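Enquirer: Contents of model.cif (mmCIF, C-alpha atoms and all ligand atoms):
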```
data_target
#
loop_
_atom_site.label_atom_id
_atom_site.label_comp_id
_atom_site.auth_asym_id
_atom_site.auth_seq_id
_atom_site.Cartn_x
_atom_site.Cartn_y
_atom_site.Cartn_z
CA MET A 1 55.11 114.51 153.88
CA PRO A 2 57.06 111.29 154.53
CA PRO A 3 58.72 111.03 157.95
CA PRO A 4 62.34 112.28 158.16
CA MET A 5 64.99 109.60 157.59
CA PRO A 6 65.89 107.91 160.87
CA GLN A 7 69.41 108.19 162.21
CA LEU A 8 71.55 105.55 160.52
CA SER A 9 73.72 102.99 162.26
CA PHE A 10 77.05 101.57 161.16
CA TRP A 11 75.13 98.49 159.96
CA ASP A 12 72.70 100.49 157.86
CA ARG A 13 75.57 102.16 156.06
CA GLN A 14 77.36 98.85 155.56
CA THR A 15 74.33 96.98 154.23
CA TRP A 16 71.31 98.78 152.76
CA LEU A 17 73.05 101.84 151.53
CA SER A 18 76.48 100.68 150.39
CA HIS A 19 77.67 99.88 146.85
CA ILE A 20 74.42 100.54 145.04
CA ASP A 21 74.86 99.84 141.35
CA TYR A 22 71.50 101.19 140.19
CA ALA A 23 69.11 103.42 142.10
CA ILE A 24 65.66 104.12 140.76
CA ILE A 25 63.38 106.88 142.00
CA GLY A 26 59.69 105.91 141.88
CA SER A 27 58.01 102.54 142.22
CA GLY A 28 55.28 102.97 139.60
CA ILE A 29 55.05 100.72 136.55
CA VAL A 30 58.09 102.33 134.93
CA GLY A 31 60.32 102.20 138.03
CA LEU A 32 59.42 98.56 138.71
CA GLN A 33 59.81 97.45 135.10
CA THR A 34 63.15 99.27 134.84
CA ALA A 35 64.39 97.51 138.00
CA ILE A 36 63.12 94.10 136.84
CA GLN A 37 64.75 94.40 133.42
CA LEU A 38 68.02 95.72 134.90
CA LYS A 39 68.11 92.78 137.29
CA LYS A 40 67.61 90.34 134.42
CA GLN A 41 70.48 91.93 132.52
CA ARG A 42 72.73 92.29 135.56
CA PRO A 43 71.69 89.57 138.05
CA LYS A 44 74.48 90.41 140.49
CA ALA A 45 73.84 94.16 140.53
CA LYS A 46 72.51 95.80 143.68
CA ILE A 47 69.36 97.64 142.69
CA LEU A 48 67.50 99.99 145.02
CA ILE A 49 64.14 101.67 144.43
CA LEU A 50 63.38 104.79 146.47
CA GLU A 51 59.67 105.58 146.78
CA ARG A 52 58.25 108.43 148.80
CA GLY A 53 54.81 106.89 149.20
CA THR A 54 53.91 104.13 151.63
CA LEU A 55 52.57 102.50 148.48
CA PRO A 56 53.41 103.73 144.96
CA HIS A 57 51.71 107.11 144.98
CA GLY A 58 51.47 108.66 141.53
CA ALA A 59 49.35 107.10 138.79
CA SER A 60 50.19 103.39 138.67
CA THR A 61 48.00 102.42 141.64
CA LYS A 62 45.29 104.95 140.83
CA ASN A 63 44.50 104.26 137.20
CA ALA A 64 41.44 102.83 135.54
CA GLY A 65 43.02 99.64 134.20
CA PHE A 66 42.31 100.15 130.50
CA ALA A 67 44.68 98.12 128.34
CA CYS A 68 44.25 100.57 125.49
CA PHE A 69 46.19 102.42 122.80
CA GLY A 70 43.80 105.12 121.54
CA SER A 71 40.17 105.55 120.47
CA VAL A 72 39.20 106.80 117.01
CA SER A 73 38.41 110.35 118.18
CA GLU A 74 41.67 110.53 120.15
CA LEU A 75 43.75 109.23 117.25
CA LEU A 76 42.07 111.70 114.86
CA SER A 77 42.87 114.50 117.27
CA ASP A 78 46.48 113.28 117.55
CA LEU A 79 46.76 113.12 113.75
CA SER A 80 45.74 116.77 113.56
CA LEU A 81 48.54 117.77 115.94
CA HIS A 82 51.35 115.30 115.17
CA SER A 83 52.70 113.63 112.05
CA GLU A 84 51.20 110.32 110.97
CA ALA A 85 54.51 108.56 111.69
CA GLU A 86 54.60 109.97 115.24
CA VAL A 87 51.03 108.84 115.96
CA LEU A 88 51.62 105.34 114.56
CA ASP A 89 54.88 105.04 116.52
CA LEU A 90 53.01 105.87 119.70
CA VAL A 91 50.27 103.31 119.02
CA GLU A 92 52.88 100.68 118.28
CA ALA A 93 54.79 101.54 121.47
CA ARG A 94 51.61 101.22 123.59
CA TRP A 95 50.72 97.92 121.96
CA GLU A 96 54.25 96.61 122.45
CA GLY A 97 54.17 97.81 126.09
CA LEU A 98 51.00 95.80 126.70
CA ARG A 99 52.60 92.73 125.14
CA LEU A 100 55.67 93.11 127.38
CA LEU A 101 53.49 93.57 130.48
CA ARG A 102 51.52 90.41 129.72
CA GLN A 103 54.74 88.54 128.98
CA GLU A 104 56.32 89.66 132.26
CA LEU A 105 53.28 88.68 134.33
CA ARG A 106 52.24 85.61 132.35
CA ASP A 107 52.39 83.39 135.44
CA LYS A 108 50.68 85.92 137.74
CA PRO A 109 46.97 86.62 137.44
CA PHE A 110 46.36 90.35 137.08
CA GLY A 111 42.84 90.34 135.71
CA TYR A 112 43.79 90.94 132.09
CA GLU A 113 40.87 90.30 129.75
CA ALA A 114 40.76 90.98 126.03
CA THR A 115 37.25 92.39 126.31
CA GLY A 116 37.51 94.77 123.37
CA GLY A 117 36.92 98.47 123.90
CA PHE A 118 34.13 100.78 122.80
CA GLU A 119 33.87 104.41 121.81
CA VAL A 120 30.43 105.89 122.42
CA PHE A 121 28.87 109.21 121.38
CA ARG A 122 26.21 111.23 123.17
CA LYS A 123 22.98 111.42 121.21
CA GLY A 124 23.59 115.09 120.32
CA ASP A 125 27.21 114.62 119.22
CA THR A 126 26.31 113.68 115.64
CA ALA A 127 29.03 115.67 113.85
CA ILE A 128 31.91 114.08 115.78
CA ALA A 129 30.23 110.66 115.60
CA HIS A 130 30.01 110.86 111.80
CA ARG A 131 33.58 112.10 111.49
CA CYS A 132 34.82 109.15 113.55
CA LEU A 133 32.64 106.56 111.81
CA ASP A 134 33.73 107.84 108.36
CA ALA A 135 37.41 107.74 109.37
CA ILE A 136 37.42 104.05 110.30
CA PRO A 137 38.48 102.52 106.93
CA ASP A 138 41.39 104.97 106.58
CA LEU A 139 42.48 104.50 110.19
CA ASN A 140 42.34 100.71 109.89
CA ASP A 141 44.46 100.99 106.78
CA LYS A 142 47.03 103.17 108.58
CA LEU A 143 47.16 100.71 111.52
CA SER A 144 47.40 97.60 109.33
CA GLY A 145 51.20 97.59 109.58
CA ILE A 146 50.89 97.10 113.36
CA PHE A 147 47.80 94.91 113.77
CA ARG A 148 47.49 93.08 110.42
CA GLU A 149 43.68 92.93 110.95
CA PRO A 150 41.12 95.75 111.12
CA VAL A 151 41.21 97.34 114.59
CA PHE A 152 37.99 99.36 114.53
CA GLU A 153 34.49 98.20 113.60
CA ILE A 154 31.07 99.77 113.86
CA THR A 155 28.41 98.07 115.91
CA ASN A 156 24.88 99.08 116.79
CA THR A 157 24.22 96.41 119.36
CA ILE A 158 26.02 98.23 122.16
CA PRO A 159 25.18 100.11 124.31
CA SER A 160 21.56 99.17 124.82
CA PHE A 161 21.93 100.28 128.43
CA SER A 162 22.49 103.94 127.94
CA GLY A 163 21.63 107.39 126.77
CA PHE A 164 24.26 107.23 124.03
CA GLY A 165 23.68 107.13 120.28
CA ALA A 166 23.06 103.77 118.62
CA LYS A 167 26.31 103.62 116.67
CA THR A 168 29.36 102.55 118.67
CA ILE A 169 32.91 101.89 117.55
CA VAL A 170 34.49 98.66 118.73
CA ASN A 171 38.24 98.42 119.20
CA ARG A 172 38.84 94.69 118.77
CA PHE A 173 42.30 94.72 120.37
CA GLU A 174 41.61 96.57 123.58
CA GLY A 175 41.28 94.97 127.02
CA GLN A 176 41.11 95.71 130.71
CA LEU A 177 43.05 94.61 133.77
CA ASN A 178 42.99 94.81 137.55
CA THR A 179 45.31 97.68 138.44
CA GLY A 180 45.91 96.57 142.03
CA ASP A 181 46.73 93.00 141.01
CA MET A 182 49.06 94.25 138.25
CA MET A 183 51.03 96.43 140.66
CA GLN A 184 51.22 93.70 143.30
CA ALA A 185 52.44 91.25 140.67
CA LEU A 186 55.14 93.68 139.49
CA LEU A 187 56.21 94.33 143.10
CA HIS A 188 56.43 90.58 143.76
CA ARG A 189 58.47 90.08 140.61
CA ALA A 190 60.90 92.82 141.65
CA HIS A 191 61.22 91.42 145.18
CA ALA A 192 61.68 87.87 143.88
CA LEU A 193 64.54 89.03 141.69
CA GLY A 194 66.22 90.68 144.66
CA VAL A 195 65.41 94.33 144.01
CA MET A 196 65.37 96.31 147.25
CA ILE A 197 62.52 98.82 147.71
CA LEU A 198 62.53 101.49 150.38
CA ASN A 199 59.21 103.27 150.92
CA GLY A 200 58.59 106.56 152.67
CA VAL A 201 61.82 108.00 151.25
CA GLU A 202 61.59 111.34 149.48
CA VAL A 203 64.43 112.25 147.12
CA THR A 204 65.03 115.99 147.26
CA GLY A 205 67.89 116.33 144.78
CA VAL A 206 70.23 114.43 142.47
CA SER A 207 73.68 115.37 141.17
CA SER A 208 76.32 113.71 139.00
CA VAL A 209 79.80 113.30 140.48
CA SER A 210 82.90 111.88 138.81
CA ASP A 211 82.25 108.31 139.94
CA GLY A 212 78.48 108.11 140.17
CA VAL A 213 75.48 110.01 141.44
CA ILE A 214 74.69 111.61 144.79
CA ILE A 215 71.05 111.34 145.83
CA ASP A 216 69.81 113.74 148.49
CA LEU A 217 67.27 112.35 150.88
CA GLU A 218 66.06 114.40 153.76
CA GLY A 219 69.06 114.63 156.05
CA LEU A 220 70.99 111.92 154.22
CA GLU A 221 73.16 111.52 151.14
CA LEU A 222 73.22 108.30 149.22
CA LYS A 223 75.60 107.31 146.45
CA CYS A 224 74.94 105.03 143.49
CA GLN A 225 76.69 104.26 140.22
CA HIS A 226 73.70 104.93 137.96
CA LEU A 227 70.35 106.56 138.61
CA ALA A 228 67.00 106.29 136.83
CA VAL A 229 64.38 108.94 137.54
CA CYS A 230 60.96 107.32 137.03
CA THR A 231 58.78 109.88 138.74
CA ASN A 232 56.59 110.70 135.73
CA GLY A 233 54.30 113.65 136.59
CA PHE A 234 56.66 114.74 139.40
CA ALA A 235 59.81 114.64 137.24
CA SER A 236 60.22 118.41 137.07
CA GLU A 237 60.69 118.51 140.85
CA LEU A 238 64.11 116.90 140.30
CA LEU A 239 65.12 117.55 136.68
CA GLU A 240 64.57 120.21 134.03
CA LEU A 241 62.30 118.40 131.57
CA ASP A 242 59.18 119.10 129.51
CA VAL A 243 56.88 117.25 131.91
CA LYS A 244 53.94 118.74 133.74
CA PRO A 245 51.66 117.10 136.30
CA ALA A 246 48.02 116.63 135.27
CA ARG A 247 45.49 115.37 137.75
CA ASN A 248 42.95 112.76 136.71
CA GLN A 249 39.90 112.09 138.88
CA VAL A 250 37.85 108.92 139.19
CA LEU A 251 34.83 107.59 141.02
CA ILE A 252 33.42 104.10 141.53
CA THR A 253 29.86 103.05 142.38
CA THR A 254 28.56 100.54 144.88
CA PRO A 255 27.76 97.12 143.37
CA ILE A 256 24.88 97.37 140.88
CA PHE A 257 22.56 94.39 140.54
CA GLY A 258 22.35 93.22 136.90
CA LEU A 259 24.87 95.81 135.64
CA LYS A 260 24.64 95.79 131.85
CA VAL A 261 27.82 97.77 131.18
CA GLN A 262 30.52 95.23 130.51
CA GLY A 263 33.87 96.26 129.02
CA SER A 264 35.87 99.46 128.57
CA PHE A 265 34.30 102.60 127.10
CA HIS A 266 35.71 105.94 125.94
CA LEU A 267 34.25 109.20 124.81
CA ASP A 268 35.38 112.75 123.95
CA GLN A 269 38.86 111.85 122.62
CA GLY A 270 39.50 109.63 125.61
CA TYR A 271 39.03 112.51 128.06
CA PHE A 272 36.16 110.55 129.63
CA TYR A 273 36.17 106.80 130.22
CA PHE A 274 34.15 104.19 132.09
CA ARG A 275 34.25 100.45 132.65
CA ASN A 276 32.77 97.77 134.83
CA VAL A 277 34.88 96.46 137.69
CA GLY A 278 32.92 93.32 138.50
CA ASN A 279 29.45 94.68 139.17
CA ARG A 280 30.63 98.18 140.03
CA LEU A 281 31.04 100.99 137.52
CA LEU A 282 34.18 103.14 137.40
CA VAL A 283 33.99 106.54 135.67
CA GLY A 284 36.90 108.91 135.23
CA GLY A 285 38.49 111.79 133.37
CA GLY A 286 37.14 115.22 132.52
CA ARG A 287 40.35 117.12 133.23
CA HIS A 288 39.91 119.08 129.95
CA LEU A 289 36.87 120.79 131.53
CA ASP A 290 39.05 122.54 134.11
CA ALA A 291 42.44 122.32 132.39
CA LEU A 292 44.28 124.97 134.41
CA ALA A 293 43.12 123.77 137.83
CA GLU A 294 43.87 120.14 136.93
CA CYS A 295 47.45 121.00 135.96
CA THR A 296 48.58 120.13 139.48
CA SER A 297 50.26 117.38 141.46
CA GLU A 298 47.88 117.86 144.38
CA MET A 299 46.02 114.60 144.84
CA LYS A 300 42.48 115.62 145.69
CA GLN A 301 39.03 115.70 144.14
CA THR A 302 37.13 118.81 143.05
CA ALA A 303 33.38 119.43 143.02
CA LYS A 304 33.56 120.65 139.42
CA ILE A 305 35.07 117.50 137.88
CA GLN A 306 33.25 115.12 140.19
CA SER A 307 29.89 116.67 139.26
CA HIS A 308 30.72 116.18 135.55
CA LEU A 309 31.55 112.53 136.23
CA GLU A 310 28.29 112.09 138.12
CA GLU A 311 26.31 113.79 135.37
CA LEU A 312 27.81 111.42 132.82
CA LEU A 313 26.95 108.50 135.05
CA HIS A 314 23.35 109.48 135.86
CA LYS A 315 22.35 111.11 132.56
CA TYR A 316 24.04 108.90 129.96
CA ILE A 317 25.59 105.71 131.31
CA LEU A 318 23.10 104.42 133.86
CA PRO A 319 20.01 106.61 133.66
CA HIS A 320 17.72 103.89 135.00
CA ASP A 321 19.77 102.20 137.76
CA SER A 322 20.02 103.02 141.43
CA PHE A 323 23.38 103.04 143.16
CA GLU A 324 25.63 105.20 145.29
CA ILE A 325 29.15 106.45 144.84
CA GLU A 326 31.38 104.21 146.94
CA GLN A 327 34.72 105.96 146.51
CA ARG A 328 36.42 108.85 144.73
CA TRP A 329 40.14 109.35 144.15
CA SER A 330 42.66 110.98 141.86
CA GLY A 331 46.12 110.31 140.48
CA ILE A 332 48.75 112.33 138.67
CA LEU A 333 49.68 111.96 134.99
CA GLY A 334 52.89 113.22 133.41
CA VAL A 335 52.14 115.23 130.25
CA GLY A 336 54.01 117.68 128.01
CA ASP A 337 54.04 119.36 124.61
CA GLN A 338 54.44 115.96 122.98
CA LYS A 339 52.78 112.68 123.88
CA LYS A 340 55.94 110.64 123.39
CA PRO A 341 57.62 109.56 126.65
CA ILE A 342 61.06 110.96 127.46
CA VAL A 343 63.60 108.15 127.75
CA LYS A 344 67.11 109.56 127.80
CA GLN A 345 70.32 110.24 129.62
CA VAL A 346 70.00 113.61 131.31
CA LYS A 347 73.41 114.03 132.92
CA PRO A 348 76.40 111.73 133.38
CA ASN A 349 75.01 108.53 134.97
CA ILE A 350 71.53 110.03 135.40
CA TYR A 351 68.71 108.79 133.17
CA CYS A 352 64.96 109.25 133.03
CA GLY A 353 61.84 107.46 131.79
CA VAL A 354 58.97 109.89 132.27
CA ARG A 355 55.94 111.60 130.58
CA MET A 356 53.72 108.54 130.14
CA GLY A 357 50.61 110.62 129.31
CA GLY A 358 47.22 108.98 129.74
CA MET A 359 48.26 105.49 128.65
CA GLY A 360 51.20 104.56 130.84
CA VAL A 361 49.74 101.19 131.76
CA ALA A 362 50.25 100.41 128.10
CA ILE A 363 53.49 102.16 127.29
CA GLY A 364 55.12 101.96 130.75
CA SER A 365 56.54 98.46 130.36
CA LEU A 366 58.17 99.33 127.05
CA VAL A 367 59.71 102.43 128.65
CA GLY A 368 61.10 100.25 131.47
CA HIS A 369 62.70 97.96 128.90
CA GLN A 370 64.10 100.87 126.87
CA LEU A 371 65.46 102.65 129.93
CA SER A 372 67.19 99.57 131.34
CA LYS A 373 68.84 98.92 127.96
CA LEU A 374 69.92 102.54 127.65
CA MET A 375 71.53 102.36 131.10
CA THR A 376 73.38 99.09 130.56
CA ASN A 377 74.45 100.00 127.02
CA SER A 378 75.92 103.30 128.18
CA GLU A 379 78.16 101.42 130.60
CA GLY A 380 79.78 99.73 127.64
C1 LIG B 401 43.07 108.28 137.28
C2 LIG B 401 44.00 107.71 136.26
C3 LIG B 401 43.52 106.80 135.33
C4 LIG B 401 44.39 106.24 134.40
N1 LIG B 401 43.94 105.26 133.59
C5 LIG B 401 44.79 104.63 132.74
C6 LIG B 401 44.36 103.55 131.97
O1 LIG B 401 43.23 103.11 132.09
N2 LIG B 401 45.23 102.99 131.09
C7 LIG B 401 46.50 103.47 130.95
O2 LIG B 401 47.26 102.94 130.11
N3 LIG B 401 46.97 104.47 131.73
C8 LIG B 401 46.14 105.07 132.61
N4 LIG B 401 46.59 106.08 133.40
C9 LIG B 401 47.98 106.50 133.26
C10 LIG B 401 48.95 105.54 133.93
O3 LIG B 401 48.45 105.13 135.19
C11 LIG B 401 50.31 106.22 134.11
O4 LIG B 401 50.74 106.72 132.86
C12 LIG B 401 51.36 105.27 134.63
O5 LIG B 401 50.91 104.61 135.79
C13 LIG B 401 52.65 106.03 134.93
O6 LIG B 401 53.53 105.16 135.60
P1 LIG B 401 54.92 105.73 136.14
O7 LIG B 401 55.62 104.61 136.76
O8 LIG B 401 55.61 106.47 135.04
O9 LIG B 401 54.52 106.86 137.18
P2 LIG B 401 53.81 106.80 138.62
O10 LIG B 401 52.94 105.62 138.74
O11 LIG B 401 53.21 108.13 138.84
O12 LIG B 401 55.04 106.58 139.60
C14 LIG B 401 55.91 107.59 139.98
C15 LIG B 401 56.31 107.31 141.43
O13 LIG B 401 57.36 108.20 141.79
C16 LIG B 401 57.18 108.51 143.16
N5 LIG B 401 57.91 109.75 143.40
C17 LIG B 401 57.69 110.94 142.81
N6 LIG B 401 58.59 111.85 143.23
C18 LIG B 401 59.39 111.22 144.12
C19 LIG B 401 60.52 111.62 144.91
N7 LIG B 401 60.98 112.88 144.87
N8 LIG B 401 61.13 110.72 145.73
C20 LIG B 401 60.66 109.42 145.79
N9 LIG B 401 59.60 108.99 145.07
C21 LIG B 401 58.97 109.87 144.23
C22 LIG B 401 55.67 108.65 143.32
O14 LIG B 401 55.26 108.52 144.66
C23 LIG B 401 55.16 107.54 142.41
O15 LIG B 401 54.91 106.33 143.13
C24 LIG B 401 45.76 106.66 134.35
C25 LIG B 401 46.22 107.58 135.27
C26 LIG B 401 45.36 108.10 136.22
C27 LIG B 401 45.89 109.11 137.20
#
```
Show the structure stored in the file as structure tokens.
Ligand SMILES: Cc1cc2nc3c(=O)[nH]c(=O)nc-3n(C[C@H](O)[C@H](O)[C@H](O)COP(=O)(O)OP(=O)(O)OC[C@H]3O[C@@H](n4cnc5c(N)ncnc54)[C@H](O)[C@@H]3O)c2cc1C
Expert:
Amino acid sequence: MPPPMPQLSFWDRQTWLSHIDYAIIGSGIVGLQTAIQLKKQRPKAKILILERGTLPHGASTKNAGFACFGSVSELLSDLSLHSEAEVLDLVEARWEGLRLLRQELRDKPFGYEATGGFEVFRKGDTAIAHRCLDAIPDLNDKLSGIFREPVFEITNTIPSFSGFGAKTIVNRFEGQLNTGDMMQALLHRAHALGVMILNGVEVTGVSSVSDGVIIDLEGLELKCQHLAVCTNGFASELLELDVKPARNQVLITTPIFGLKVQGSFHLDQGYFYFRNVGNRLLVGGGRHLDALAECTSEMKQTAKIQSHLEELLHKYILPHDSFEIEQRWSGILGVGDQKKPIVKQVKPNIYCGVRMGGMGVAIGSLVGHQLSKLMTNSEG
């Protein structure tokens, strides 16, 4: 729990907390991008981000750093549940989000590399492997309106390191980035533009009033003209929305001499993923194996998921290497009945950009752009 708000002085009320044009709850990718884009549209506006964590404390600082938009098995699964137009819209939105992120941070190194991505299949998973391999021409055709060139290709040169089957699917447009550097770069950009960020501040309620929005902090009320709720997996704590928290767990190894795994890898419809981070290996996912228990905003690790991640690591990814697990952590996704993010006005002067699903690094920047435009357009 964050500490209670300190007693305010006359000066506090006159400076930090007076005449706030736009308040934003949450300093993840979406909150920061929303603030940055608002500031570009309204340079004189006073913009305040309220964040309950000492650092951003949801998903944006915890994620795996895949600059991705969907593997073949995940897209096939999505196509069985959603219309083709919905799935293609989502891919396009993720791809556009990645472009906007790179454009925003073009002068700040954040470890982005267009490494390509790979989908691998366990040796026994022949049925799903064949289904995915056979679907490639049709999927490439469907995606040609977005990428102009074939996205997916089959290769049998990778992964020579592992216990996976010989045939691998390459996603030519995927990449990876350094999550910590990306978030620091976004924070610097927001600060440089004059966005004010207060950390350790928990918002406990929001309500529309005739001339703005009242934000309840613990023991303190704050007023702003317009409010954006960018709390993703925690959104239902403040607003009635179709967003549920979903925990995602990760581990990372100690440095591995001569690590052969280079690039970003997916399997099982994206539910599992791994990548190299320098000469360490990061492995994450598996929430589908304990779906009910992982439907939580409690940030901790469980023996069940962690043992699945370790099994994947020791049995399939690096069966012949020796290493230790250096660190384990988890973060919270925002998911719902649909994969599409919710970007809308919820009440007079209250807006939201939430439900980023498993690819918010990709789609988050687009949502920030959309939300800022929605807010400024509604002012007339
Ligand atoms: C382990 C893991 C791996 C992932 N890997 C990838 C990946 O490789 N590629 C990819 O594209 N996506 C990935 N994601 C998803 C991606 O990280 C998220 O979709 C994205 O970061 C969401 O950003 P956000 O700004 O919407 O939310 P968040 O980053 O969750 O930010 C919400 C913020 O709101 C704050 N907050 C919440 N409630 C309150 C309140 N009441 N008062 C004040 N502050 C509040 C939280 O502390 C938090 O900082 C991963 C997620 C996880 C957890």
Enquirer: May I ask for the distance between atom CA of Gly360 of chain A and atom CA of Glu104 of chain A, given in Å to one decimal place?
Expert: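 Answer for the atom CA of Gly360 of chain A to atom CA of Glu104 of chain A separation: 15.8 Å.
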Enquirer: So how many Å separate atom CA of Phe272 of chain A and atom CA of Leu312 of chain A, to one decimal?
Expert: 9.0 Å
Enquirer: Could you work out how far atom CA of Val170 of chain A lies from atom CA of Glu119 of chain A, giving the answer in Å with one decimal?
Expert: 6.6 Å
Enquirer: Rank A:Val201, A:Val72, A:Leu105, A:Leu239 by their smallest atom-to-atom distance to Leu133 of chain A, using only C-alpha atoms, and report the top residue only.
Expert: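 Looking at the shortest contact to Leu133 of chain A, the residue is A:Val72.
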Enquirer: Might you pull out every residue within 10 Å of Leu241 of chain A, with all atoms listed in the file counted and same-chain residues fewer than 6 positions away left off, and present them as a ChimeraX atom specification?
Expert: /A:235,336,342,346,352,354-355
Enquirer: May I ask which of the residues A:Gly219, A:Gly124, A:Gly97, A:Gly358 is the closest one to ligand LIG 401 (chain B), counting only C-alpha atoms and all ligand atoms?
Expert: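 Checking each of A:Gly219, A:Gly124, A:Gly97, A:Gly358 against ligand LIG 401 (chain B), counting only C-alpha atoms and all ligand atoms, the winner is A:Gly358.
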Enquirer: Compile the contact shell of Asn276 of chain A as a PyMOL selection string: residues with an atom at most 10 Å away, counting only C-alpha atoms, same-chain residues fewer than 3 positions apart removed.
Expert: chain A and resi 176+252-253+255-256+259-265+279-283
Enquirer: Atoms to include: C-alpha atoms. Write the selected residues as a CSV table (one decimal), in the coordinates of the input.
Expert:
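Generated file (out-v1.csv):
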```csv
chain,number,residue,atom,x,y,z
A,176,GLN,CA,41.1,95.7,130.7
A,252,ILE,CA,33.4,104.1,141.5
A,253,THR,CA,29.9,103.0,142.4
A,255,PRO,CA,27.8,97.1,143.4
A,256,ILE,CA,24.9,97.4,140.9
A,259,LEU,CA,24.9,95.8,135.6
A,260,LYS,CA,24.6,95.8,131.8
A,261,VAL,CA,27.8,97.8,131.2
A,262,GLN,CA,30.5,95.2,130.5
A,263,GLY,CA,33.9,96.3,129.0
A,264,SER,CA,35.9,99.5,128.6
A,265,PHE,CA,34.3,102.6,127.1
A,279,ASN,CA,29.4,94.7,139.2
A,280,ARG,CA,30.6,98.2,140.0
A,281,LEU,CA,31.0,101.0,137.5
A,282,LEU,CA,34.2,103.1,137.4
A,283,VAL,CA,34.0,106.5,135.7
```
Enquirer: Selecting C-alpha atoms, how would segment 41-90 of chain A from this structure be written as a PDB file, in the first residue's frame?
Expert:
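Full text of decode.pdb as output:
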```pdb
ATOM      1  CA  GLN A  41      -1.451  19.073 -28.928  1.00  0.00           C
ATOM      2  CA  ARG A  42      -1.881  21.462 -25.995  1.00  0.00           C
ATOM      3  CA  PRO A  43       1.620  22.722 -25.071  1.00  0.00           C
ATOM      4  CA  LYS A  44       0.310  25.130 -22.435  1.00  0.00           C
ATOM      5  CA  ALA A  45      -1.940  22.606 -20.695  1.00  0.00           C
ATOM      6  CA  LYS A  46      -1.095  21.456 -17.185  1.00  0.00           C
ATOM      7  CA  ILE A  47      -0.900  17.683 -17.300  1.00  0.00           C
ATOM      8  CA  LEU A  48      -0.549  15.523 -14.204  1.00  0.00           C
ATOM      9  CA  ILE A  49       0.035  11.766 -14.047  1.00  0.00           C
ATOM     10  CA  LEU A  50      -0.925   9.993 -10.826  1.00  0.00           C
ATOM     11  CA  GLU A  51       0.842   6.668 -10.283  1.00  0.00           C
ATOM     12  CA  ARG A  52       0.458   4.503  -7.226  1.00  0.00           C
ATOM     13  CA  GLY A  53       3.746   2.674  -7.675  1.00  0.00           C
ATOM     14  CA  THR A  54       7.165   4.055  -6.814  1.00  0.00           C
ATOM     15  CA  LEU A  55       7.893   3.055 -10.399  1.00  0.00           C
ATOM     16  CA  PRO A  56       5.174   2.178 -12.931  1.00  0.00           C
ATOM     17  CA  HIS A  57       3.809  -1.005 -11.399  1.00  0.00           C
ATOM     18  CA  GLY A  58       1.530  -2.912 -13.756  1.00  0.00           C
ATOM     19  CA  ALA A  59       2.834  -4.475 -16.968  1.00  0.00           C
ATOM     20  CA  SER A  60       4.908  -1.836 -18.756  1.00  0.00           C
ATOM     21  CA  THR A  61       8.041  -2.309 -16.634  1.00  0.00           C
ATOM     22  CA  LYS A  62       7.557  -6.061 -16.259  1.00  0.00           C
ATOM     23  CA  ASN A  63       7.115  -7.237 -19.816  1.00  0.00           C
ATOM     24  CA  ALA A  64       9.304  -9.357 -22.039  1.00  0.00           C
ATOM     25  CA  GLY A  65      10.095  -6.703 -24.647  1.00  0.00           C
ATOM     26  CA  PHE A  66       8.734  -8.488 -27.721  1.00  0.00           C
ATOM     27  CA  ALA A  67       7.924  -6.043 -30.504  1.00  0.00           C
ATOM     28  CA  CYS A  68       5.361  -8.435 -31.917  1.00  0.00           C
ATOM     29  CA  PHE A  69       1.863  -8.555 -33.394  1.00  0.00           C
ATOM     30  CA  GLY A  70       0.888 -12.251 -33.335  1.00  0.00           C
ATOM     31  CA  SER A  71       2.336 -15.669 -34.185  1.00  0.00           C
ATOM     32  CA  VAL A  72       0.705 -18.005 -36.713  1.00  0.00           C
ATOM     33  CA  SER A  73      -0.878 -20.254 -34.055  1.00  0.00           C
ATOM     34  CA  GLU A  74      -2.187 -17.231 -32.135  1.00  0.00           C
ATOM     35  CA  LEU A  75      -3.626 -15.600 -35.248  1.00  0.00           C
ATOM     36  CA  LEU A  76      -5.293 -18.883 -36.280  1.00  0.00           C
ATOM     37  CA  SER A  77      -6.815 -19.136 -32.825  1.00  0.00           C
ATOM     38  CA  ASP A  78      -7.995 -15.511 -33.038  1.00  0.00           C
ATOM     39  CA  LEU A  79      -9.508 -16.165 -36.480  1.00  0.00           C
ATOM     40  CA  SER A  80     -11.547 -19.003 -34.993  1.00  0.00           C
ATOM     41  CA  LEU A  81     -13.005 -16.684 -32.340  1.00  0.00           C
ATOM     42  CA  HIS A  82     -13.231 -13.292 -34.088  1.00  0.00           C
ATOM     43  CA  SER A  83     -14.061 -12.101 -37.584  1.00  0.00           C
ATOM     44  CA  GLU A  84     -11.247 -11.799 -40.114  1.00  0.00           C
ATOM     45  CA  ALA A  85     -11.703  -8.008 -40.185  1.00  0.00           C
ATOM     46  CA  GLU A  86     -11.375  -7.796 -36.384  1.00  0.00           C
ATOM     47  CA  VAL A  87      -8.180  -9.870 -36.373  1.00  0.00           C
ATOM     48  CA  LEU A  88      -6.606  -7.866 -39.209  1.00  0.00           C
ATOM     49  CA  ASP A  89      -7.575  -4.587 -37.518  1.00  0.00           C
ATOM     50  CA  LEU A  90      -5.828  -5.728 -34.361  1.00  0.00           C
TER      51      LEU A  90
END
```
